[in-house]
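Chemist: For reference, the file final-v6.cif (mmCIF, C-alpha atoms) is included below:
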```cif
data_my_file
loop_
_atom_site.group_PDB
_atom_site.id
_atom_site.type_symbol
_atom_site.label_atom_id
_atom_site.label_comp_id
_atom_site.auth_asym_id
_atom_site.auth_seq_id
_atom_site.Cartn_x
_atom_site.Cartn_y
_atom_site.Cartn_z
ATOM 1 C CA MET A 19 30.383 19.103 39.467
ATOM 2 C CA THR A 20 26.789 18.624 38.306
ATOM 3 C CA GLU A 21 24.002 18.825 40.866
ATOM 4 C CA PRO A 22 21.778 15.696 41.065
ATOM 5 C CA SER A 23 18.658 17.757 40.340
ATOM 6 C CA GLN A 24 20.276 19.166 37.174
ATOM 7 C CA THR A 25 21.162 15.665 35.997
ATOM 8 C CA ALA A 26 17.621 14.425 36.609
ATOM 9 C CA SER A 27 16.104 17.335 34.687
ATOM 10 C CA ARG A 28 18.438 16.718 31.755
ATOM 11 C CA GLU A 29 17.516 13.047 31.745
ATOM 12 C CA ARG A 30 13.797 13.762 31.339
ATOM 13 C CA GLU A 31 13.396 16.879 29.296
ATOM 14 C CA PRO A 32 10.304 16.776 27.129
ATOM 15 C CA ILE A 33 10.760 15.699 23.523
ATOM 16 C CA VAL A 34 9.127 18.475 21.533
ATOM 17 C CA SER A 35 9.224 19.586 17.910
ATOM 18 C CA SER A 36 8.970 23.311 18.597
ATOM 19 C CA GLU A 37 10.482 24.308 21.928
ATOM 20 C CA HIS A 38 9.532 27.945 21.325
ATOM 21 C CA LEU A 39 5.852 26.977 21.681
ATOM 22 C CA SER A 40 6.350 25.335 25.062
ATOM 23 C CA HIS A 41 6.395 28.185 27.590
ATOM 24 C CA THR A 42 3.796 26.839 30.005
ATOM 25 C CA ALA A 43 2.722 23.437 28.706
ATOM 26 C CA HIS A 44 5.688 21.317 27.726
ATOM 27 C CA GLU A 45 3.530 18.197 27.957
ATOM 28 C CA LEU A 46 1.190 19.529 25.256
ATOM 29 C CA SER A 47 4.144 20.170 22.934
ATOM 30 C CA GLU A 48 5.430 16.703 23.747
ATOM 31 C CA PHE A 49 2.001 15.285 22.862
ATOM 32 C CA GLU A 50 1.960 17.268 19.604
ATOM 33 C CA PHE A 51 5.381 15.964 18.593
ATOM 34 C CA GLY A 52 4.253 12.412 19.332
ATOM 35 C CA VAL A 53 1.157 12.931 17.167
ATOM 36 C CA ILE A 54 3.269 14.408 14.349
ATOM 37 C CA ILE A 55 5.706 11.523 14.143
ATOM 38 C CA GLN A 56 2.994 8.918 14.738
ATOM 39 C CA SER A 57 0.748 10.347 12.011
ATOM 40 C CA HIS A 58 3.588 10.340 9.491
ATOM 41 C CA ALA A 59 4.481 6.764 10.439
ATOM 42 C CA PHE A 60 0.822 5.705 10.195
ATOM 43 C CA ASN A 61 0.401 7.359 6.786
ATOM 44 C CA ARG A 62 3.580 5.674 5.560
ATOM 45 C CA TRP A 63 2.310 2.343 6.906
ATOM 46 C CA MET A 64 -1.077 2.633 5.159
ATOM 47 C CA VAL A 65 0.505 3.468 1.808
ATOM 48 C CA ARG A 66 3.054 0.658 2.015
ATOM 49 C CA CYS A 67 0.501 -1.866 3.191
ATOM 50 C CA MET A 68 -1.816 -0.922 0.334
ATOM 51 C CA THR A 69 1.135 -1.115 -2.072
ATOM 52 C CA ALA A 70 1.680 -4.682 -0.845
ATOM 53 C CA THR A 71 -1.959 -5.432 -1.736
ATOM 54 C CA GLY A 72 -1.258 -4.319 -5.305
ATOM 55 C CA TYR A 73 -2.348 -0.668 -5.228
ATOM 56 C CA PRO A 74 0.798 1.498 -5.155
ATOM 57 C CA GLU A 75 -1.085 4.486 -6.596
ATOM 58 C CA LEU A 76 -3.159 5.014 -3.447
ATOM 59 C CA GLY A 77 -2.225 7.684 -0.933
ATOM 60 C CA ALA A 78 -3.053 7.700 2.767
ATOM 61 C CA LEU A 79 -6.402 9.501 2.383
ATOM 62 C CA ASP A 80 -7.401 7.138 -0.440
ATOM 63 C CA VAL A 81 -6.729 4.176 1.862
ATOM 64 C CA LEU A 82 -8.725 5.742 4.706
ATOM 65 C CA VAL A 83 -11.647 6.457 2.386
ATOM 66 C CA LEU A 84 -11.599 2.921 0.977
ATOM 67 C CA HIS A 85 -11.699 1.384 4.452
ATOM 68 C CA ARG A 86 -14.415 3.793 5.544
ATOM 69 C CA VAL A 87 -16.573 2.923 2.531
ATOM 70 C CA ASN A 88 -16.005 -0.784 3.228
ATOM 71 C CA HIS A 89 -16.866 -0.419 6.943
ATOM 72 C CA ARG A 90 -19.841 -2.593 7.940
ATOM 73 C CA ALA A 91 -20.690 -3.294 4.282
ATOM 74 C CA ARG A 92 -23.126 -0.366 4.104
ATOM 75 C CA ALA A 93 -23.149 2.312 1.414
ATOM 76 C CA LYS A 94 -21.937 5.728 2.590
ATOM 77 C CA ARG A 95 -22.485 9.315 1.478
ATOM 78 C CA GLN A 96 -19.450 11.505 0.936
ATOM 79 C CA SER A 97 -20.593 13.841 3.694
ATOM 80 C CA ASP A 98 -20.694 10.945 6.164
ATOM 81 C CA ILE A 99 -17.217 9.810 5.121
ATOM 82 C CA CYS A 100 -15.890 13.341 5.679
ATOM 83 C CA LEU A 101 -17.639 13.598 9.047
ATOM 84 C CA VAL A 102 -16.285 10.330 10.414
ATOM 85 C CA LEU A 103 -12.751 10.950 9.123
ATOM 86 C CA ASN A 104 -12.897 14.578 10.330
ATOM 87 C CA VAL A 105 -11.992 15.867 6.861
ATOM 88 C CA GLU A 106 -12.947 19.481 6.314
ATOM 89 C CA ASP A 107 -11.717 19.748 2.707
ATOM 90 C CA THR A 108 -14.438 17.679 1.055
ATOM 91 C CA HIS A 109 -12.848 18.021 -2.385
ATOM 92 C CA THR A 110 -9.994 15.766 -1.209
ATOM 93 C CA VAL A 111 -12.500 13.011 -0.414
ATOM 94 C CA THR A 112 -14.245 13.630 -3.754
ATOM 95 C CA TYR A 113 -10.903 13.131 -5.488
ATOM 96 C CA ALA A 114 -10.202 9.968 -3.465
ATOM 97 C CA LEU A 115 -13.633 8.520 -4.324
ATOM 98 C CA ARG A 116 -13.077 9.234 -8.020
ATOM 99 C CA LYS A 117 -9.665 7.603 -7.876
ATOM 100 C CA LEU A 118 -11.074 4.546 -6.089
ATOM 101 C CA ALA A 119 -13.946 4.322 -8.597
ATOM 102 C CA LYS A 120 -11.504 4.512 -11.510
ATOM 103 C CA LEU A 121 -9.615 1.566 -9.980
ATOM 104 C CA GLU A 122 -12.989 -0.215 -9.609
ATOM 105 C CA LEU A 123 -12.593 -0.475 -5.821
ATOM 106 C CA VAL A 124 -15.753 1.520 -5.073
ATOM 107 C CA VAL A 125 -18.897 2.327 -6.968
ATOM 108 C CA GLY A 126 -21.282 5.240 -6.516
ATOM 109 C CA GLU A 127 -25.033 4.864 -6.823
ATOM 110 C CA LYS A 128 -27.346 7.871 -7.124
ATOM 111 C CA GLN A 129 -30.316 7.909 -4.766
ATOM 112 C CA GLY A 130 -32.205 11.120 -5.321
ATOM 113 C CA LYS A 131 -29.754 14.004 -4.984
ATOM 114 C CA GLU A 132 -27.248 11.911 -3.024
ATOM 115 C CA THR A 133 -24.629 9.455 -4.200
ATOM 116 C CA PHE A 134 -23.958 6.472 -1.970
ATOM 117 C CA PHE A 135 -20.631 4.699 -2.258
ATOM 118 C CA SER A 136 -19.942 1.055 -1.583
ATOM 119 C CA THR A 137 -17.008 -1.223 -2.172
ATOM 120 C CA THR A 138 -16.955 -3.540 -5.147
ATOM 121 C CA GLU A 139 -15.822 -7.133 -4.858
ATOM 122 C CA LYS A 140 -12.379 -5.926 -5.931
ATOM 123 C CA GLY A 141 -12.482 -3.277 -3.173
ATOM 124 C CA ARG A 142 -13.546 -5.794 -0.541
ATOM 125 C CA ASP A 143 -10.737 -8.111 -1.649
ATOM 126 C CA ALA A 144 -8.217 -5.258 -1.339
ATOM 127 C CA CYS A 145 -9.472 -4.509 2.185
ATOM 128 C CA SER A 146 -9.258 -8.193 3.133
ATOM 129 C CA ARG A 147 -5.710 -8.469 1.826
ATOM 130 C CA TYR A 148 -4.792 -5.268 3.701
ATOM 131 C CA ALA A 149 -6.197 -6.832 6.885
ATOM 132 C CA GLU A 150 -4.107 -9.978 6.349
ATOM 133 C CA ILE A 151 -0.929 -7.955 5.859
ATOM 134 C CA ARG A 152 -1.818 -5.795 8.870
ATOM 135 C CA GLU A 153 -2.248 -8.884 10.996
ATOM 136 C CA ALA A 154 1.108 -10.327 9.889
ATOM 137 C CA CYS A 155 3.176 -7.134 10.043
ATOM 138 C CA LEU A 156 1.585 -5.056 12.769
ATOM 139 C CA ILE A 157 -0.515 -7.093 15.166
ATOM 140 C CA ASP A 158 2.092 -9.781 15.759
ATOM 141 C CA SER A 159 4.719 -7.103 16.481
ATOM 142 C CA LEU A 160 2.352 -5.279 18.819
ATOM 143 C CA SER A 161 1.983 -8.393 20.936
ATOM 144 C CA SER A 162 5.737 -8.545 21.486
ATOM 145 C CA MET A 163 5.909 -4.931 22.763
ATOM 146 C CA GLY A 164 4.213 -5.734 26.055
ATOM 147 C CA ILE A 165 1.635 -2.975 25.726
ATOM 148 C CA GLU A 166 -1.731 -4.022 27.107
ATOM 149 C CA ARG A 167 -4.678 -3.662 24.750
ATOM 150 C CA ALA A 168 -6.572 -1.752 27.444
ATOM 151 C CA GLU A 169 -3.770 0.834 27.426
ATOM 152 C CA ILE A 170 -4.097 1.233 23.666
ATOM 153 C CA SER A 171 -7.832 1.688 24.039
ATOM 154 C CA LYS A 172 -7.253 4.367 26.692
ATOM 155 C CA VAL A 173 -4.780 6.215 24.452
ATOM 156 C CA ALA A 174 -7.332 6.088 21.616
ATOM 157 C CA GLY A 175 -9.889 7.751 23.875
ATOM 158 C CA ILE A 176 -7.395 10.437 24.844
ATOM 159 C CA LEU A 177 -6.606 11.081 21.172
ATOM 160 C CA ARG A 178 -10.310 11.494 20.360
ATOM 161 C CA ALA A 179 -10.734 13.890 23.284
ATOM 162 C CA MET A 180 -7.662 15.869 22.244
ATOM 163 C CA SER A 181 -8.977 16.116 18.671
ATOM 164 C CA GLY A 182 -12.079 17.783 20.090
ATOM 165 C CA LEU A 183 -9.895 20.215 22.011
ATOM 166 C CA TYR A 184 -7.931 21.085 18.861
ATOM 167 C CA ASP A 185 -11.130 21.434 16.782
ATOM 168 C CA GLN A 186 -12.538 23.843 19.348
ATOM 169 C CA ALA A 187 -9.265 25.783 19.454
ATOM 170 C CA ALA A 188 -9.303 25.955 15.628
ATOM 171 C CA ARG A 189 -12.782 27.490 15.709
ATOM 172 C CA ALA A 190 -11.643 30.001 18.320
ATOM 173 C CA ALA A 191 -8.542 30.908 16.291
ATOM 174 C CA ALA A 192 -10.657 31.352 13.159
ATOM 175 C CA SER A 193 -12.716 33.986 14.963
ATOM 176 C CA LEU A 194 -9.691 36.097 15.952
#
```
Could you render the structure as structure tokens?

Modeler:
Amino acid sequence: MTEPSQTASREREPIVSSEHLSHTAHELSEFEFGVIIQSHAFNRWMVRCMTATGYPELGALDVLVLHRVNHRARAKRQSDICLVLNVEDTHTVTYALRKLAKLELVVGEKQGKETFFSTTEKGRDACSRYAEIREACLIDSLSSMGIERAEISKVAGILRAMSGLYDQAARAAASL
């Protein structure tokens, strides 16, 4: 016969991707697994949404860079794009900007030693269409889940805080 406490513990074991990493902080491994599957789902979503706008050649980083350049209709430097998106490998953003420029979605303008990127009319149209598809496919479904928007905002804050923790841990590990 199974003890009630054993049944309860089996019912709520943490869902982790790498149990061998979870000696003292199962909740952190559970968080990591959630981030892993969520990030893959989000990347898949961005690519498929952008494909629906007519740009199947764009990858997840390309989509992020396009939206970042379009943000608030102000020209952006590559270094600022990397900073906001927390991208350390700047060459990947360089490649994305070149790809977007080739598709005539963004344009770069030299100002002194810096190049500032802004979206073209075609780029703004792509972002607008993406927003329409997002509204139809994602926002409407979100409403039916019963998750309060304040909860989502709180989770977003936790994710930003956790990213700082992981960045600090990465710096510490690099010094070992």

Chemist: A:Tyr148: which residues within 9 Å, counting all atoms listed in the file, same-chain residues fewer than 3 positions away excluded, as a ChimeraX atom specification?

Modeler: /A:64,67-68,70-71,143-145,151-153

Chemist: Find the residues with any atom within 7 Å of (-20.0, -1.7, -0.9); use all atoms listed in the file and the coordinates as given in the file, and write the answer as a PyMOL selection string.

Modeler: chain A and resi 87-88+91-93+124+135-138

Chemist: Could you put an axis-aligned box around every listed atom of stretch 101-114 of chain A, padded by 4 Å on each side, and send me its centre and edge lengths in Å to one decimal, as lines of an AutoDock Vina configuration file?

Modeler:
```
center_x = -13.8
center_y = 14.9
center_z = 2.5
size_x = 15.6
size_y = 17.8
size_z = 23.9
```

Chemist: Atom CA of A:Glu122 to atom CA of A:Leu76: how many Å, to one decimal?

Modeler: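 Computed distance, atom CA of A:Glu122 to atom CA of A:Leu76, equals 12.7 Å.
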
Chemist: I'd like to know which of A:His109, A:Lys172, A:Lys94, A:Arg86 is closest to A:Gly126, using only C-alpha atoms.

Modeler: A:Lys94

Chemist: Convert the output of the PyMOL selection byres ((chain A and resi 133) around 12) on the shown file into explicit residues, formatted as an MDAnalysis selection string.

Modeler: chainID A and resid 93:99 112 115 124:132 134:136

Chemist: For the residues selected in the previous step, produce a file with C-alpha atoms as a PDB file, keeping the file's coordinate frame.

Modeler:
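Wrote it out as selection_10.pdb, contents follow:
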```pdb
ATOM      1  CA  ALA A  93     -23.149   2.312   1.414  1.00  0.00           C
ATOM      2  CA  LYS A  94     -21.937   5.728   2.590  1.00  0.00           C
ATOM      3  CA  ARG A  95     -22.485   9.315   1.478  1.00  0.00           C
ATOM      4  CA  GLN A  96     -19.450  11.505   0.936  1.00  0.00           C
ATOM      5  CA  SER A  97     -20.593  13.841   3.694  1.00  0.00           C
ATOM      6  CA  ASP A  98     -20.694  10.945   6.164  1.00  0.00           C
ATOM      7  CA  ILE A  99     -17.217   9.810   5.121  1.00  0.00           C
ATOM      8  CA  THR A 112     -14.245  13.630  -3.754  1.00  0.00           C
ATOM      9  CA  LEU A 115     -13.633   8.520  -4.324  1.00  0.00           C
ATOM     10  CA  VAL A 124     -15.753   1.520  -5.073  1.00  0.00           C
ATOM     11  CA  VAL A 125     -18.897   2.327  -6.968  1.00  0.00           C
ATOM     12  CA  GLY A 126     -21.282   5.240  -6.516  1.00  0.00           C
ATOM     13  CA  GLU A 127     -25.033   4.864  -6.823  1.00  0.00           C
ATOM     14  CA  LYS A 128     -27.346   7.871  -7.124  1.00  0.00           C
ATOM     15  CA  GLN A 129     -30.316   7.909  -4.766  1.00  0.00           C
ATOM     16  CA  GLY A 130     -32.205  11.120  -5.321  1.00  0.00           C
ATOM     17  CA  LYS A 131     -29.754  14.004  -4.984  1.00  0.00           C
ATOM     18  CA  GLU A 132     -27.248  11.911  -3.024  1.00  0.00           C
ATOM     19  CA  PHE A 134     -23.958   6.472  -1.970  1.00  0.00           C
ATOM     20  CA  PHE A 135     -20.631   4.699  -2.258  1.00  0.00           C
ATOM     21  CA  SER A 136     -19.942   1.055  -1.583  1.00  0.00           C
TER      22      SER A 136
END
```

Chemist: Using the chain letters and numbering of this document, enumerate as a PDB file with C-alpha atoms, in the coordinates of the input the residues selected by the PyMOL selection byres ((chain A and resi 48-57) around 9).

Modeler:
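selection_6.pdb was written with the following content:
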```pdb
ATOM      1  CA  PRO A  32      10.304  16.776  27.129  1.00  0.00           C
ATOM      2  CA  ILE A  33      10.760  15.699  23.523  1.00  0.00           C
ATOM      3  CA  VAL A  34       9.127  18.475  21.533  1.00  0.00           C
ATOM      4  CA  SER A  35       9.224  19.586  17.910  1.00  0.00           C
ATOM      5  CA  SER A  36       8.970  23.311  18.597  1.00  0.00           C
ATOM      6  CA  SER A  40       6.350  25.335  25.062  1.00  0.00           C
ATOM      7  CA  ALA A  43       2.722  23.437  28.706  1.00  0.00           C
ATOM      8  CA  HIS A  44       5.688  21.317  27.726  1.00  0.00           C
ATOM      9  CA  GLU A  45       3.530  18.197  27.957  1.00  0.00           C
ATOM     10  CA  LEU A  46       1.190  19.529  25.256  1.00  0.00           C
ATOM     11  CA  SER A  47       4.144  20.170  22.934  1.00  0.00           C
ATOM     12  CA  HIS A  58       3.588  10.340   9.491  1.00  0.00           C
ATOM     13  CA  ALA A  59       4.481   6.764  10.439  1.00  0.00           C
ATOM     14  CA  PHE A  60       0.822   5.705  10.195  1.00  0.00           C
ATOM     15  CA  ASN A  61       0.401   7.359   6.786  1.00  0.00           C
ATOM     16  CA  ARG A  62       3.580   5.674   5.560  1.00  0.00           C
ATOM     17  CA  LEU A 177      -6.606  11.081  21.172  1.00  0.00           C
TER      18      LEU A 177
END
```

Chemist: For the structure shown, which residues end up in the PyMOL selection byres ((chain A and resi 77) around 12)? Put them as a PyMOL selection string, please?

Modeler: chain A and resi 60-69+73-76+78-84+110-111+113-115+117-118

Chemist: One decimal, Å: what's the distance from atom CA of A:Arg189 over to atom CA of A:Val105, could you say?

Modeler: 14.6 Å

Chemist: With distances taken over only C-alpha atoms, which residue among A:Gly141, A:His38, A:His89, A:Glu106 lies nearest A:Leu121?

Modeler: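 Going through A:Gly141, A:His38, A:His89, A:Glu106 one by one, the smallest distance to A:Leu121 is for A:Gly141.
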
Chemist: With distances taken over all atoms listed in the file, which residue among A:Ala192, A:Ser171, A:Ala187, A:Ser181 lies nearest A:Leu103?

Modeler: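 Ranked by minimum distance to A:Leu103, first place goes to A:Ser181.
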
Chemist: Work out how far apart atom CA of A:Met180 and atom CA of A:Glu37 are and give it in Å to one decimal.

Modeler: 20.0 Å
